Amino acid sequence: MKKYLWLLIALFGMELLSAPMYVQSPVAQLLEKPMAGSPGMLLPKGSVVTKIGEQDMFIKITFDGKEGFVNKLFLSANPPSGKVSFGDAIDQSTSVKARARASSFTQTAAARGFSESQTLRTRGGAQDYDMDSIVWLEKIKIEDADLESFQK
Amino acid sequence: MKRTTSISLPSLLMLFLFNCQFLEKKTGPKVDPNVIKEVKVGKALAAKLAKKYGLIKDEPFTRYVNLVGRSMAIYSSRQELEFRFGILDTEDVNAFACPGGFVLVTKGAIDLMETEAELASLLSHELSHVTLKHSGDFEEKGASILDVISAIMAPGGDLVSSVTKGAVDGLVNQFFEKGRKKEEEIESDKAGTIYLSQAGYDLESSIIYLKKLDKSQHNEVALKTHPPTLERISELNKFITENKLNMRGKTNLQRFRGEYASFAQRYEKQKPKVTKPATTL
């Protein structure tokens, strides 16, 4: 019985180690050795590779029958997805909304016998956060063309 | 009030699912819910730092800092994140990497710099903390009722829920007061040189900046939350040599000087008063 248990643990461990990973960077290279200056080949963005180990800043992988190392900065455990940006979805100041919500919540809570300070603590205390500044920061848009001309 | 309390759980769940669908339409398909949570927490943390120090709202210079940061972020594996770089209004020399891609550097740190490559070296270090998920994975472990209620409200309006606040307070304490793990700081130094190298920046600028940080009069918090500077420099040199990275690259000294001088002029005009001293978060 114990023998099978160890076998099960070993198989589970192998399954965890050989996890699929995704090439998310346009400069990911499959390197011969775990070092940035090592010769290698460019991996197509979006490729799925299999992780078989890890060494310092590098992940040992197999891809298309080849074995090698990729810098861990260029691989992700998550498959490619759309960008997460809450700024685009905000049509008015978040802190204004936070204040408005805090106000209605305060009224509800007051009716239940809670003090305003208790309510605000529960909601996170909007006064501790400057959301307006972060919304301002999110409005600074950098287009691909801006970046391209900046890098020249 | 009675109506609010009598909403049944199935109706709440229906609204929650509808909200998720709306969020997906706005942000593109297949966004990992853990990443959404990471962005929420990061945004709240950035807002907390902005409240503490004040965010400098100088659009031309912030745009320039963002261009420097984005020119390296394009190589990151975190393509699902929209990286943002902002400037905090304090003489303290420091920088903060918030989860979800919010990177905030202090004016004090920028004042020490002489080249774009030095700015890039600081941004690349912080960028690496985000890419390497040094703030954790933000796994969804079941939504509380407050999460569900806040999710029903307008997108962006649910940023400071009690759950987010708990995560933010934990991060403030762990990363900005006690400091991250030494290994994570060293790893970010090394990873930062990879970003610098990809973008063609001079790698020695990292070492130049670290030496300036060490000598600065406003480095108390930065030194307290990072490994000893000499050790960081030694590890960096070792990594650059072992990986046969090309030390020489662009510094863009002239461009930095021009951008910084214009910014400093505008800053002095708009804000003649003394900048805020650091207080605890």
# chains A, B, ... in the order shown; residues from 1 in each chain; ligands from 1
$ select_by_dssp --residues "segment 23-142 of chain B" --states "strand (DSSP E or B)" --output "list in words"
Leu55, Leu81, Arg84, Phe85, Gly86, Ile87, Leu88, Ala95, Phe96, Ala97, Cys98, Phe102, Val103, Leu104, Val105 and Thr106 of chain B
$ residues_around --residues "Gly40 of chain A" --least-positions-apart "3" --cutoff "8 Å" --atoms "only C-alpha atoms" --output "VMD selection string"
chain A and resid 29 to 32
$ write_last_selection --atoms "N, CA and C atoms" --output "PDB file, in the first residue's frame"
ATOM      1  N   GLN A  29      14.143  33.527 -25.834  1.00  0.00           N
ATOM      2  CA  GLN A  29      15.010  32.626 -26.599  1.00  0.00           C
ATOM      3  C   GLN A  29      15.176  31.296 -25.886  1.00  0.00           C
ATOM      4  N   LEU A  30      15.235  30.230 -26.671  1.00  0.00           N
ATOM      5  CA  LEU A  30      15.548  28.918 -26.112  1.00  0.00           C
ATOM      6  C   LEU A  30      17.073  28.812 -26.122  1.00  0.00           C
ATOM      7  N   LEU A  31      17.657  28.918 -24.928  1.00  0.00           N
ATOM      8  CA  LEU A  31      19.112  28.969 -24.813  1.00  0.00           C
ATOM      9  C   LEU A  31      19.712  27.597 -24.528  1.00  0.00           C
ATOM     10  N   GLU A  32      20.948  27.413 -25.013  1.00  0.00           N
ATOM     11  CA  GLU A  32      21.620  26.129 -24.768  1.00  0.00           C
ATOM     12  C   GLU A  32      21.982  25.961 -23.299  1.00  0.00           C
TER      13      GLU A  32
END
$ closest_residue --among "B:Leu230, B:Leu253, B:Leu223, B:Ala117" --to "Glu204 of chain B" --atoms "only C-alpha atoms"
B:Ala117
$ atom_distance --atom1 "atom CA of His226 of chain B" --atom2 "atom CA of Tyr53 of chain B"
20.3 Å
$ closest_residue --among "A:Ser47, A:Gly82, A:Gly37, A:Ala145" --to "Ile61 of chain A" --atoms "only C-alpha atoms"
A:Ser47
$ residues_around --residues "Pro34 of chain A" --least-positions-apart "5" --cutoff "9 Å" --atoms "only C-alpha atoms" --output "list in words"
Gln55, Asp56, Met57, Phe58, Ile59, Lys60, Gly68, Phe69, Val70 and Asn71 of chain A; Asn243 of chain B
$ residues_around --residues "segment 213-221 of chain B" --least-positions-apart "3" --cutoff "12 Å" --atoms "only C-alpha atoms" --output "NGL selection string"
:B and (90-96 or 106-113 or 118 or 122 or 175-179 or 206-210 or 224-233 or 277-280)
